[in-house]
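Novice: Below you'll find data33.cif; it's mmCIF, C-alpha atoms.
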data_input
#
loop_
_atom_site.label_atom_id
_atom_site.label_comp_id
_atom_site.auth_asym_id
_atom_site.auth_seq_id
_atom_site.Cartn_x
_atom_site.Cartn_y
_atom_site.Cartn_z
CA MET A 8 138.35 78.01 80.98
CA ALA A 9 135.64 78.44 83.58
CA THR A 10 132.77 76.46 85.01
CA VAL A 11 129.80 78.59 83.96
CA ILE A 12 126.82 78.17 86.27
CA PHE A 13 123.52 79.33 84.81
CA ASP A 14 120.51 80.33 86.80
CA VAL A 15 117.42 78.89 85.06
CA ASN A 16 114.10 80.66 85.81
CA GLU A 17 114.02 83.96 83.87
CA THR A 18 117.74 83.70 83.05
CA LEU A 19 117.22 80.91 80.50
CA SER A 20 113.40 80.65 80.46
CA ASP A 21 111.20 83.48 79.23
CA LEU A 22 108.38 84.14 81.72
CA SER A 23 106.71 86.65 79.41
CA ALA A 24 105.31 83.64 77.57
CA LEU A 25 103.01 83.18 80.59
CA SER A 26 100.96 86.23 79.57
CA ALA A 27 98.76 84.11 77.30
CA ALA A 28 97.93 81.71 80.16
CA PHE A 29 97.03 84.58 82.51
CA ASP A 30 94.87 86.11 79.78
CA ARG A 31 93.16 82.78 79.09
CA VAL A 32 91.97 82.38 82.70
CA GLY A 33 90.93 86.03 83.01
CA ALA A 34 93.80 87.13 85.27
CA HIS A 35 95.90 90.22 84.67
CA PRO A 36 99.31 89.44 83.03
CA ASP A 37 100.84 92.19 85.21
CA LEU A 38 100.53 89.65 88.04
CA ILE A 39 103.48 87.65 86.65
CA GLU A 40 106.13 89.83 88.25
CA THR A 41 104.24 90.10 91.54
CA TRP A 42 103.80 86.33 91.56
CA PHE A 43 107.47 85.62 90.95
CA ALA A 44 108.65 88.13 93.58
CA GLY A 45 106.07 86.72 96.03
CA THR A 46 107.21 83.15 95.34
CA LEU A 47 110.76 84.12 96.26
CA ARG A 48 109.62 86.06 99.35
CA ASP A 49 107.71 83.00 100.57
CA ALA A 50 110.47 80.54 99.65
CA PHE A 51 113.09 82.61 101.46
CA THR A 52 110.78 82.72 104.49
CA LEU A 53 110.65 78.92 104.52
CA ASN A 54 114.42 78.77 104.00
CA PHE A 55 115.12 80.48 107.30
CA THR A 56 112.18 79.20 109.36
CA THR A 57 110.83 75.67 108.86
CA GLY A 58 113.06 74.67 105.94
CA PRO A 59 112.96 74.81 102.14
CA GLN A 60 110.07 73.42 100.08
CA PRO A 61 109.98 72.54 96.36
CA PHE A 62 109.61 75.38 93.87
CA GLN A 63 106.38 73.99 92.39
CA ASP A 64 104.70 73.97 95.80
CA VAL A 65 105.76 77.47 96.82
CA ALA A 66 104.99 78.92 93.39
CA ARG A 67 101.52 77.33 93.27
CA SER A 68 100.74 78.46 96.81
CA ALA A 69 101.70 82.08 96.01
CA LEU A 70 99.78 81.90 92.73
CA LEU A 71 96.58 80.70 94.41
CA GLY A 72 96.83 83.63 96.84
CA LEU A 73 96.99 86.13 93.97
CA LEU A 74 94.38 84.45 91.77
CA SER A 75 91.92 84.23 94.67
CA GLN A 76 91.82 88.04 94.68
CA GLU A 77 91.12 88.41 90.94
CA ASP A 78 87.58 89.50 90.11
CA HIS A 79 87.24 88.25 86.55
CA LEU A 80 88.53 84.67 86.45
CA THR A 81 86.81 82.61 83.75
CA VAL A 82 87.47 79.34 85.63
CA SER A 83 87.86 78.31 89.28
CA THR A 84 90.94 79.50 91.20
CA GLU A 85 92.31 75.93 91.21
CA GLU A 86 91.80 75.50 87.46
CA ALA A 87 93.38 78.88 86.79
CA ALA A 88 96.43 77.85 88.84
CA ASP A 89 96.62 74.54 86.94
CA THR A 90 96.60 76.40 83.61
CA VAL A 91 99.38 78.79 84.66
CA MET A 92 101.54 76.05 86.21
CA ALA A 93 101.14 73.95 83.03
CA ALA A 94 102.28 76.93 80.95
CA PHE A 95 105.22 77.40 83.34
CA ALA A 96 106.32 73.84 82.55
CA GLU A 97 106.31 74.65 78.82
CA LEU A 98 108.20 77.94 78.74
CA PRO A 99 110.56 78.72 75.86
CA VAL A 100 114.08 80.07 76.33
CA HIS A 101 114.90 83.72 75.62
CA PRO A 102 115.92 84.48 72.00
CA ASP A 103 119.59 85.10 72.95
CA VAL A 104 119.94 81.77 74.78
CA PRO A 105 120.62 79.19 72.03
CA GLU A 106 123.44 81.10 70.37
CA GLY A 107 124.80 82.42 73.68
CA VAL A 108 124.93 78.99 75.29
CA ARG A 109 126.52 77.37 72.22
CA ALA A 110 129.18 80.08 71.99
CA LEU A 111 130.22 79.56 75.62
CA ALA A 112 130.31 75.77 75.16
CA ARG A 113 132.30 76.13 71.93
CA ALA A 114 134.80 78.36 73.73
CA GLY A 115 135.55 75.35 75.95
CA HIS A 116 133.75 76.37 79.14
CA ARG A 117 131.93 73.75 81.16
CA LEU A 118 128.25 74.63 81.53
CA VAL A 119 126.20 73.81 84.63
CA ALA A 120 122.58 74.74 85.39
CA LEU A 121 121.65 75.54 89.01
CA SER A 122 117.96 76.13 89.61
CA ASN A 123 115.71 76.89 92.57
CA GLY A 124 113.27 74.74 90.55
CA SER A 125 113.47 71.04 89.83
CA VAL A 126 116.06 69.26 87.68
CA GLU A 127 113.18 67.85 85.63
CA ASN A 128 111.93 71.33 84.76
CA THR A 129 115.41 72.44 83.67
CA GLU A 130 115.93 69.27 81.66
CA GLN A 131 112.67 69.69 79.75
CA LEU A 132 113.34 73.39 79.12
CA LEU A 133 116.77 72.63 77.64
CA GLU A 134 115.50 69.67 75.63
CA ARG A 135 112.75 71.76 74.07
CA ALA A 136 115.41 74.28 73.06
CA GLY A 137 117.77 71.59 71.75
CA LEU A 138 120.42 72.63 74.28
CA ARG A 139 120.50 69.72 76.72
CA GLU A 140 123.79 68.30 75.40
CA GLU A 141 125.62 71.61 75.92
CA PHE A 142 125.32 71.24 79.72
CA ALA A 143 127.59 68.97 81.76
CA LEU A 144 125.37 69.07 84.87
CA LEU A 145 121.81 70.03 85.75
CA LEU A 146 121.50 70.81 89.46
CA SER A 147 118.64 71.81 91.76
CA VAL A 148 118.69 73.37 95.21
CA ASP A 149 116.33 70.51 96.16
CA ASP A 150 119.55 68.58 96.79
CA ALA A 151 121.32 71.45 98.57
CA GLY A 152 119.12 71.87 101.65
CA ALA A 153 118.57 75.56 100.92
CA TRP A 154 117.44 77.86 98.10
CA LYS A 155 119.72 80.35 96.49
CA PRO A 156 120.83 82.94 97.66
CA ASP A 157 121.73 80.84 100.73
CA ARG A 158 125.45 80.08 100.64
CA ARG A 159 124.78 76.34 100.89
CA ALA A 160 123.14 76.32 97.47
CA TYR A 161 126.27 77.66 95.72
CA GLU A 162 128.58 75.48 97.79
CA TYR A 163 126.55 72.43 96.75
CA ALA A 164 126.98 73.37 93.08
CA LEU A 165 130.72 73.98 93.49
CA HIS A 166 131.20 70.73 95.37
CA THR A 167 129.17 68.67 92.87
CA SER A 168 131.02 70.29 89.97
CA GLY A 169 134.37 69.69 91.67
CA VAL A 170 135.42 73.28 91.14
CA GLN A 171 136.88 76.06 93.29
CA PRO A 172 134.79 79.26 93.67
CA ARG A 173 137.37 81.37 91.81
CA ASP A 174 137.06 79.12 88.75
CA ALA A 175 133.27 79.39 88.65
CA VAL A 176 131.05 82.18 87.38
CA LEU A 177 127.31 82.60 87.87
CA ILE A 178 125.24 84.09 85.05
CA ALA A 179 121.83 85.33 86.24
CA VAL A 180 119.21 88.01 85.67
CA HIS A 181 118.51 88.34 89.42
CA PRO A 182 120.59 90.70 91.56
CA TRP A 183 119.71 88.76 94.76
CA ASP A 184 121.15 85.58 93.19
CA LEU A 185 124.38 87.27 92.09
CA HIS A 186 124.76 88.89 95.52
CA GLY A 187 124.56 85.44 97.14
CA ALA A 188 126.99 83.91 94.63
CA HIS A 189 129.49 86.69 95.25
CA GLN A 190 129.43 86.00 99.00
CA ALA A 191 130.18 82.33 98.21
CA GLY A 192 133.25 83.45 96.24
CA LEU A 193 132.01 83.00 92.65
CA ARG A 194 132.50 85.53 89.89
CA THR A 195 129.24 87.07 88.71
CA VAL A 196 127.71 88.18 85.43
CA PHE A 197 124.51 90.26 85.56
CA LEU A 198 122.45 89.43 82.46
CA ASP A 199 120.34 92.57 82.39
CA ARG A 200 117.94 92.20 79.46
CA THR A 201 115.52 94.84 80.76
CA ARG A 202 118.12 97.54 81.49
CA ALA A 203 117.16 97.86 85.14
CA LEU A 204 119.21 99.77 87.69
CA TRP A 205 121.42 97.52 89.82
CA PRO A 206 120.03 97.57 93.42
CA GLY A 207 122.44 99.57 95.56
CA VAL A 208 122.01 97.28 98.58
CA PHE A 209 123.72 94.37 96.79
CA THR A 210 127.38 93.74 95.90
CA ALA A 211 127.94 94.90 92.33
CA PRO A 212 128.46 92.18 89.70
CA ASP A 213 131.84 91.57 88.03
CA GLN A 214 130.29 91.91 84.58
CA HIS A 215 127.09 93.63 83.43
CA VAL A 216 125.74 92.66 79.99
CA HIS A 217 122.45 93.10 78.12
CA SER A 218 122.54 89.85 76.13
CA LEU A 219 124.03 86.40 76.65
CA LEU A 220 125.90 87.02 73.39
CA ASP A 221 127.91 89.76 75.14
CA VAL A 222 129.36 87.53 77.87
CA VAL A 223 133.13 87.31 77.52
CA LEU A 224 134.99 84.98 79.87
CA PRO A 225 138.75 84.48 80.19
CA MET B 165 94.96 89.74 128.91
CA ALA B 166 97.50 89.41 126.10
CA THR B 167 100.39 91.38 124.71
CA VAL B 168 99.13 92.18 121.24
CA ILE B 169 101.96 92.70 118.75
CA PHE B 170 100.96 94.53 115.59
CA ASP B 171 102.79 94.34 112.32
CA VAL B 172 102.86 97.86 110.83
CA ASN B 173 103.34 98.08 107.03
CA GLU B 174 100.06 97.11 105.33
CA THR B 175 98.62 95.78 108.61
CA LEU B 176 98.15 99.27 110.08
CA SER B 177 99.16 101.47 107.12
CA ASP B 178 97.21 101.52 103.87
CA LEU B 179 99.58 101.18 100.89
CA SER B 180 96.78 101.77 98.39
CA ALA B 181 97.19 105.46 99.19
CA LEU B 182 100.45 105.25 97.19
CA SER B 183 98.52 104.98 93.92
CA ALA B 184 98.31 108.76 93.62
CA ALA B 185 102.10 109.10 93.94
CA PHE B 186 102.72 106.42 91.29
CA ASP B 187 100.22 108.14 89.00
CA ARG B 188 101.81 111.54 89.59
CA VAL B 189 105.26 110.38 88.39
CA GLY B 190 103.85 108.44 85.42
CA ALA B 191 104.41 104.94 86.87
CA HIS B 192 101.78 102.22 86.90
CA PRO B 193 100.03 101.86 90.33
CA ASP B 194 100.00 98.06 89.76
CA LEU B 195 103.72 98.25 90.59
CA ILE B 196 102.92 98.75 94.29
CA GLU B 197 102.45 95.05 95.03
CA THR B 198 105.44 94.02 92.94
CA TRP B 199 107.55 96.63 94.71
CA PHE B 200 106.54 95.50 98.18
CA ALA B 201 107.08 91.80 97.40
CA GLY B 202 110.44 92.66 95.80
CA THR B 203 111.48 94.71 98.82
CA LEU B 204 110.86 91.71 101.06
CA ARG B 205 112.64 89.33 98.65
CA ASP B 206 115.71 91.60 98.67
CA ALA B 207 115.57 92.23 102.43
CA PHE B 208 115.33 88.50 103.18
CA THR B 209 118.29 87.94 100.85
CA LEU B 210 120.35 90.40 102.90
CA ASN B 211 119.09 88.81 106.12
CA PHE B 212 120.72 85.48 105.32
CA THR B 213 123.79 86.69 103.38
CA THR B 214 125.55 89.92 104.35
CA GLY B 215 123.16 91.04 107.10
CA PRO B 216 120.01 93.15 107.40
CA GLN B 217 119.77 96.71 106.09
CA PRO B 218 117.23 99.43 106.97
CA PHE B 219 113.78 99.23 105.37
CA GLN B 220 114.08 102.64 103.70
CA ASP B 221 117.29 101.62 101.92
CA VAL B 222 116.02 98.26 100.68
CA ALA B 223 112.65 99.68 99.64
CA ARG B 224 114.23 102.57 97.74
CA SER B 225 116.72 100.27 96.02
CA ALA B 226 113.93 97.92 94.85
CA LEU B 227 111.81 100.89 93.79
CA LEU B 228 114.59 102.38 91.65
CA GLY B 229 114.95 99.02 89.90
CA LEU B 230 111.26 98.98 88.97
CA LEU B 231 110.99 102.66 88.07
CA SER B 232 114.07 102.46 85.83
CA GLN B 233 112.10 100.09 83.59
CA GLU B 234 109.03 102.33 83.28
CA ASP B 235 108.64 103.98 79.88
CA HIS B 236 106.47 106.96 80.73
CA LEU B 237 107.95 108.61 83.83
CA THR B 238 107.25 112.34 83.92
CA VAL B 239 110.34 113.03 86.07
CA SER B 240 113.77 111.40 86.54
CA THR B 241 113.95 107.95 88.14
CA GLU B 242 115.50 109.49 91.27
CA GLU B 243 112.80 112.14 91.55
CA ALA B 244 110.09 109.53 91.02
CA ALA B 245 111.56 107.43 93.83
CA ASP B 246 111.72 110.51 96.10
CA THR B 247 108.04 111.22 95.43
CA VAL B 248 106.95 107.65 96.22
CA MET B 249 109.13 107.38 99.34
CA ALA B 250 107.75 110.72 100.58
CA ALA B 251 104.20 109.40 100.09
CA PHE B 252 105.20 106.20 101.92
CA ALA B 253 106.17 108.33 104.93
CA GLU B 254 102.72 109.95 104.93
CA LEU B 255 100.45 106.89 104.63
CA PRO B 256 97.11 106.79 106.46
CA VAL B 257 95.95 103.81 108.51
CA HIS B 258 93.24 101.46 107.19
CA PRO B 259 89.64 102.49 108.05
CA ASP B 260 89.19 99.63 110.58
CA VAL B 261 92.36 100.53 112.51
CA PRO B 262 91.32 103.38 114.86
CA GLU B 263 88.26 101.63 116.29
CA GLY B 264 89.95 98.17 116.24
CA VAL B 265 93.03 99.39 118.09
CA ARG B 266 91.00 101.32 120.68
CA ALA B 267 88.74 98.33 121.34
CA LEU B 268 91.72 96.06 122.06
CA ALA B 269 93.31 98.67 124.31
CA ARG B 270 90.00 99.24 126.15
CA ALA B 271 89.72 95.47 126.71
CA GLY B 272 92.93 95.74 128.73
CA HIS B 273 95.42 94.24 126.30
CA ARG B 274 98.88 95.72 126.06
CA LEU B 275 99.60 96.89 122.51
CA VAL B 276 103.05 96.73 120.91
CA ALA B 277 104.07 97.60 117.33
CA LEU B 278 106.83 95.53 115.69
CA SER B 279 107.89 96.76 112.25
CA ASN B 280 110.45 95.80 109.65
CA GLY B 281 110.52 99.57 109.12
CA SER B 282 111.84 102.23 111.47
CA VAL B 283 110.39 103.22 114.85
CA GLU B 284 110.16 106.79 113.54
CA ASN B 285 107.93 105.73 110.66
CA THR B 286 105.61 103.80 113.01
CA GLU B 287 105.52 106.67 115.47
CA GLN B 288 104.53 109.20 112.81
CA LEU B 289 101.90 106.87 111.35
CA LEU B 290 100.27 106.38 114.75
CA GLU B 291 100.50 110.06 115.65
CA ARG B 292 98.80 111.09 112.41
CA ALA B 293 96.00 108.63 113.27
CA GLY B 294 95.78 109.85 116.88
CA LEU B 295 96.65 106.37 118.14
CA ARG B 296 100.15 106.80 119.55
CA GLU B 297 99.02 106.71 123.19
CA GLU B 298 97.25 103.36 122.75
CA PHE B 299 100.63 101.60 122.26
CA ALA B 300 102.93 100.69 125.14
CA LEU B 301 105.96 100.04 122.90
CA LEU B 302 107.03 100.80 119.34
CA LEU B 303 109.72 98.36 118.18
CA SER B 304 111.75 97.93 115.00
CA VAL B 305 113.75 94.97 113.74
CA ASP B 306 116.58 97.49 113.31
CA ASP B 307 117.32 96.66 116.96
CA ALA B 308 116.85 92.88 116.57
CA GLY B 309 119.68 92.05 114.14
CA ALA B 310 117.27 90.41 111.69
CA TRP B 311 114.04 91.14 109.81
CA LYS B 312 110.85 89.27 110.47
CA PRO B 313 110.18 86.39 109.77
CA ASP B 314 113.57 85.50 111.33
CA ARG B 315 112.99 84.07 114.80
CA ARG B 316 115.34 86.65 116.33
CA ALA B 317 112.94 89.48 115.41
CA TYR B 318 110.05 87.97 117.41
CA GLU B 319 112.33 86.98 120.28
CA TYR B 320 113.57 90.55 120.47
CA ALA B 321 109.99 91.81 120.74
CA LEU B 322 109.11 89.23 123.42
CA HIS B 323 112.22 89.98 125.42
CA THR B 324 111.76 93.75 125.21
CA SER B 325 108.09 93.40 126.16
CA GLY B 326 108.99 91.06 129.05
CA VAL B 327 106.41 88.52 127.93
CA GLN B 328 106.35 84.77 127.28
CA PRO B 329 105.49 83.63 123.72
CA ARG B 330 102.24 81.98 124.85
CA ASP B 331 101.01 85.31 126.26
CA ALA B 332 101.69 87.18 123.03
CA VAL B 333 99.74 87.31 119.79
CA LEU B 334 100.82 88.73 116.43
CA ILE B 335 98.23 90.47 114.25
CA ALA B 336 99.37 90.79 110.63
CA VAL B 337 98.13 90.79 107.04
CA HIS B 338 101.19 88.83 105.83
CA PRO B 339 101.19 85.03 105.95
CA TRP B 340 105.02 84.90 105.92
CA ASP B 341 105.07 87.06 109.08
CA LEU B 342 102.49 84.91 110.88
CA HIS B 343 104.36 81.75 109.87
CA GLY B 344 107.54 83.12 111.45
CA ALA B 345 105.73 84.24 114.60
CA HIS B 346 104.15 80.80 115.00
CA GLN B 347 107.59 79.15 114.86
CA ALA B 348 108.69 81.53 117.64
CA GLY B 349 105.75 80.35 119.77
CA LEU B 350 103.37 83.29 119.45
CA ARG B 351 99.66 82.99 118.77
CA THR B 352 98.68 84.40 115.39
CA VAL B 353 95.79 86.36 113.91
CA PHE B 354 95.57 86.64 110.12
CA LEU B 355 93.99 89.99 109.28
CA ASP B 356 92.78 89.17 105.79
CA ARG B 357 91.16 92.32 104.42
CA THR B 358 91.43 91.19 100.79
CA ARG B 359 89.96 87.68 101.28
CA ALA B 360 93.02 85.93 99.88
CA LEU B 361 93.58 82.18 100.16
CA TRP B 362 95.98 81.23 102.95
CA PRO B 363 99.22 79.90 101.36
CA GLY B 364 99.35 76.15 101.93
CA VAL B 365 103.12 76.14 102.51
CA PHE B 366 102.77 78.11 105.76
CA THR B 367 101.49 77.07 109.20
CA ALA B 368 97.82 78.05 109.45
CA PRO B 369 96.99 81.00 111.74
CA ASP B 370 95.14 80.55 115.03
CA GLN B 371 92.51 83.11 114.01
CA HIS B 372 91.46 84.36 110.56
CA VAL B 373 89.47 87.62 110.45
CA HIS B 374 88.52 90.12 107.74
CA SER B 375 88.58 93.27 109.88
CA LEU B 376 90.45 94.37 112.99
CA LEU B 377 87.03 94.84 114.56
CA ASP B 378 86.50 91.07 114.45
CA VAL B 379 89.56 90.18 116.56
CA VAL B 380 88.47 88.55 119.81
CA LEU B 381 91.18 87.71 122.34
CA PRO B 382 90.79 85.87 125.66
#
Re-express the file's structure as structure tokens.
Specialist:
Amino acid sequence: MATVIFDVNETLSDLSALSAAFDRVGAHPDLIETWFAGTLRDAFTLNFTTGPQPFQDVARSALLGLLSQEDHLTVSTEEAADTVMAAFAELPVHPDVPEGVRALARAGHRLVALSNGSVENTEQLLERAGLREEFALLLSVDDAGAWKPDRRAYEYALHTSGVQPRDAVLIAVHPWDLHGAHQAGLRTVFLDRTRALWPGVFTAPDQHVHSLLDVVLP
Amino acid sequence: MATVIFDVNETLSDLSALSAAFDRVGAHPDLIETWFAGTLRDAFTLNFTTGPQPFQDVARSALLGLLSQEDHLTVSTEEAADTVMAAFAELPVHPDVPEGVRALARAGHRLVALSNGSVENTEQLLERAGLREEFALLLSVDDAGAWKPDRRAYEYALHTSGVQPRDAVLIAVHPWDLHGAHQAGLRTVFLDRTRALWPGVFTAPDQHVHSLLDVVLP
């Protein structure tokens, strides 16, 4: 049996549901990916300069930067950001998540969530999906002193879970997250729903699946 | 008189010229911003895990990931990446660059380029624009042991230029770069050609201009 650590944003939650909010405020839904990559770029910058800041603050700051350059907003930049951030707090999980999570719990694994976002956001996401009780622990890097993929974030999760790295596995859709987890000694499962090429600059994952239903753990 | 340190990618070079290459291989030109943000996200990940890697490698790796998810490529993913990377090596400078650079040099400032990319790439960019001789030094973080915005990158540039932080100023289009430079003690000029909001999570720049022609240094 393993301690299965789930990334949360995009791994459990489905960001594509934000398209409607971008549409509603007159912003291009193609911005979603740019926004999320830019949020991480800015958060990592803070991580190794002045120190980490909460996900909501970094995400909103990056969002305002992008929205301020859109030509056809139907509301003010601030209102547009409010609308998108509100939608972010109401995301659904991906279709494969409920059955995939329950199967891993049923198999006797201990499930932990480790997010660069807040515990509150993870808790509400899992409650909406009826999955809160499947998770033993909901953790945030807010309590780790550094965002993933900084080693301290994984070590915080291992320490709080009382588990050795070799008995823990990270499931995530983000190669940068799995690369960091591998350096901290965890096993890694790349949940690759979009069939993207693995980036050659990162350590390859131990397992590569296209659905949470395909994860098989010893 | 100051030592004026220029960021290179997007600050001097004009990435919008990549649109034609994306079009040619059947990929959406909107990917350019996502690609560049993703390249930085992945590079920063390497910076604080297993160590920095060359810009070309990280950029190509991130590009392959994006292109592998495009549905209408007219060539293989590898060929598409080759085409885009070749166009990246042939970028022009922004229209305000030649006159802006010459004005600062004429005013007696010493000009230095500091890129997360290679010295070779900077050298070719400046030679194509007829601006190579305006720069005293062309530097790359390849020789610093860390990418910007890591403090070591700016300290390397200061040390190599033989200048104190207070006598140096960084000109860049990227808030994350200016935030890092400020922490290292440099003065900062935000070259904001797209009139984007400054991200509230970063230290505000000392000067905020919309064209290189508007930079005024003591």
Novice: Residues of chain A near chain B: apply a cut-off of 7 Å, count all atoms listed in the file, and supply the list as a PyMOL selection string.
Specialist: chain A and resi 40-41+44-45+47-49+51-52+55-56+65+68-69+71-72+75-76+156-157+183+187+201-208
Novice: For the file shown, report as an mmCIF file with C-alpha atoms, in the coordinates of the input the outcome of the PyMOL selection byres ((chain B and resi 292-300) around 12) at residue level.
Specialist:
data_model
loop_
_atom_site.group_PDB
_atom_site.id
_atom_site.type_symbol
_atom_site.label_atom_id
_atom_site.label_comp_id
_atom_site.auth_asym_id
_atom_site.auth_seq_id
_atom_site.Cartn_x
_atom_site.Cartn_y
_atom_site.Cartn_z
ATOM 1 C CA THR B 167 100.390 91.380 124.710
ATOM 2 C CA VAL B 168 99.130 92.180 121.240
ATOM 3 C CA ILE B 169 101.960 92.700 118.750
ATOM 4 C CA PHE B 170 100.960 94.530 115.590
ATOM 5 C CA LEU B 176 98.150 99.270 110.080
ATOM 6 C CA SER B 177 99.160 101.470 107.120
ATOM 7 C CA ASP B 178 97.210 101.520 103.870
ATOM 8 C CA ALA B 253 106.170 108.330 104.930
ATOM 9 C CA GLU B 254 102.720 109.950 104.930
ATOM 10 C CA LEU B 255 100.450 106.890 104.630
ATOM 11 C CA PRO B 256 97.110 106.790 106.460
ATOM 12 C CA VAL B 257 95.950 103.810 108.510
ATOM 13 C CA HIS B 258 93.240 101.460 107.190
ATOM 14 C CA PRO B 259 89.640 102.490 108.050
ATOM 15 C CA ASP B 260 89.190 99.630 110.580
ATOM 16 C CA VAL B 261 92.360 100.530 112.510
ATOM 17 C CA PRO B 262 91.320 103.380 114.860
ATOM 18 C CA GLU B 263 88.260 101.630 116.290
ATOM 19 C CA GLY B 264 89.950 98.170 116.240
ATOM 20 C CA VAL B 265 93.030 99.390 118.090
ATOM 21 C CA ARG B 266 91.000 101.320 120.680
ATOM 22 C CA ALA B 267 88.740 98.330 121.340
ATOM 23 C CA LEU B 268 91.720 96.060 122.060
ATOM 24 C CA ALA B 269 93.310 98.670 124.310
ATOM 25 C CA ARG B 270 90.000 99.240 126.150
ATOM 26 C CA ALA B 271 89.720 95.470 126.710
ATOM 27 C CA GLY B 272 92.930 95.740 128.730
ATOM 28 C CA HIS B 273 95.420 94.240 126.300
ATOM 29 C CA ARG B 274 98.880 95.720 126.060
ATOM 30 C CA LEU B 275 99.600 96.890 122.510
ATOM 31 C CA VAL B 276 103.050 96.730 120.910
ATOM 32 C CA ALA B 277 104.070 97.600 117.330
ATOM 33 C CA LEU B 278 106.830 95.530 115.690
ATOM 34 C CA VAL B 283 110.390 103.220 114.850
ATOM 35 C CA GLU B 284 110.160 106.790 113.540
ATOM 36 C CA ASN B 285 107.930 105.730 110.660
ATOM 37 C CA THR B 286 105.610 103.800 113.010
ATOM 38 C CA GLU B 287 105.520 106.670 115.470
ATOM 39 C CA GLN B 288 104.530 109.200 112.810
ATOM 40 C CA LEU B 289 101.900 106.870 111.350
ATOM 41 C CA LEU B 290 100.270 106.380 114.750
ATOM 42 C CA GLU B 291 100.500 110.060 115.650
ATOM 43 C CA LEU B 301 105.960 100.040 122.900
ATOM 44 C CA LEU B 302 107.030 100.800 119.340
ATOM 45 C CA LEU B 303 109.720 98.360 118.180
ATOM 46 C CA THR B 324 111.760 93.750 125.210
ATOM 47 C CA SER B 325 108.090 93.400 126.160
#
Novice: Could you state the separation of atom CA of B:Ser183 and atom CA of A:Pro36 in Å, given to one decimal place?
Specialist: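 One can read the atom CA of B:Ser183 to atom CA of A:Pro36 distance as 19.0 Å.
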Novice: Could you list, as a PDB file with C-alpha atoms, in the coordinates of the input, every residue within 8 Å of A:Leu25, counting only C-alpha atoms and ignoring same-chain residues fewer than 2 positions away?
Specialist:
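Full text of selection-v5.pdb as output:
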ATOM      1  CA  LEU A  22     108.380  84.140  81.720  1.00  0.00           C
ATOM      2  CA  SER A  23     106.710  86.650  79.410  1.00  0.00           C
ATOM      3  CA  ALA A  27      98.760  84.110  77.300  1.00  0.00           C
ATOM      4  CA  ALA A  28      97.930  81.710  80.160  1.00  0.00           C
ATOM      5  CA  PHE A  29      97.030  84.580  82.510  1.00  0.00           C
ATOM      6  CA  PRO A  36      99.310  89.440  83.030  1.00  0.00           C
ATOM      7  CA  ILE A  39     103.480  87.650  86.650  1.00  0.00           C
ATOM      8  CA  VAL A  91      99.380  78.790  84.660  1.00  0.00           C
ATOM      9  CA  ALA A  94     102.280  76.930  80.950  1.00  0.00           C
ATOM     10  CA  PHE A  95     105.220  77.400  83.340  1.00  0.00           C
ATOM     11  CA  LEU A  98     108.200  77.940  78.740  1.00  0.00           C
TER      12      LEU A  98
END
Novice: What is the atom CA of A:Glu85 to atom CA of A:Val32 distance in Å?
Specialist: 10.7 Å
Novice: What is the distance between atom CA of A:Leu165 and atom CA of A:Ala9, in Å to one decimal?
Specialist: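 Here the two named atoms are 11.9 Å from each other.
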Novice: Any chance you could work out the axis-aligned box around stretch 177-182 of chain B, listed atoms only, 4 Å on each side, giving centre and edge lengths in Å to one decimal, as JSON?
Specialist:
{"center_x": 98.6, "center_y": 103.3, "center_z": 102.2, "size_x": 11.7, "size_y": 12.3, "size_z": 17.9}
Novice: Of the candidates B:Gly281, B:Pro382, B:Pro369, B:Gly190, which shows the shortest atom-to-atom distance to B:Ala308, using all atoms listed in the file?
Specialist: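 The shortest atom-to-atom distance to B:Ala308 comes from B:Gly281.
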Novice: Return the single residue from A:Phe62, A:Arg31, A:Val180, A:Leu224 that is closest to A:Val82, with distances computed using only C-alpha atoms.
Specialist: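 Using only C-alpha atoms, A:Val82 sits closest to A:Arg31.
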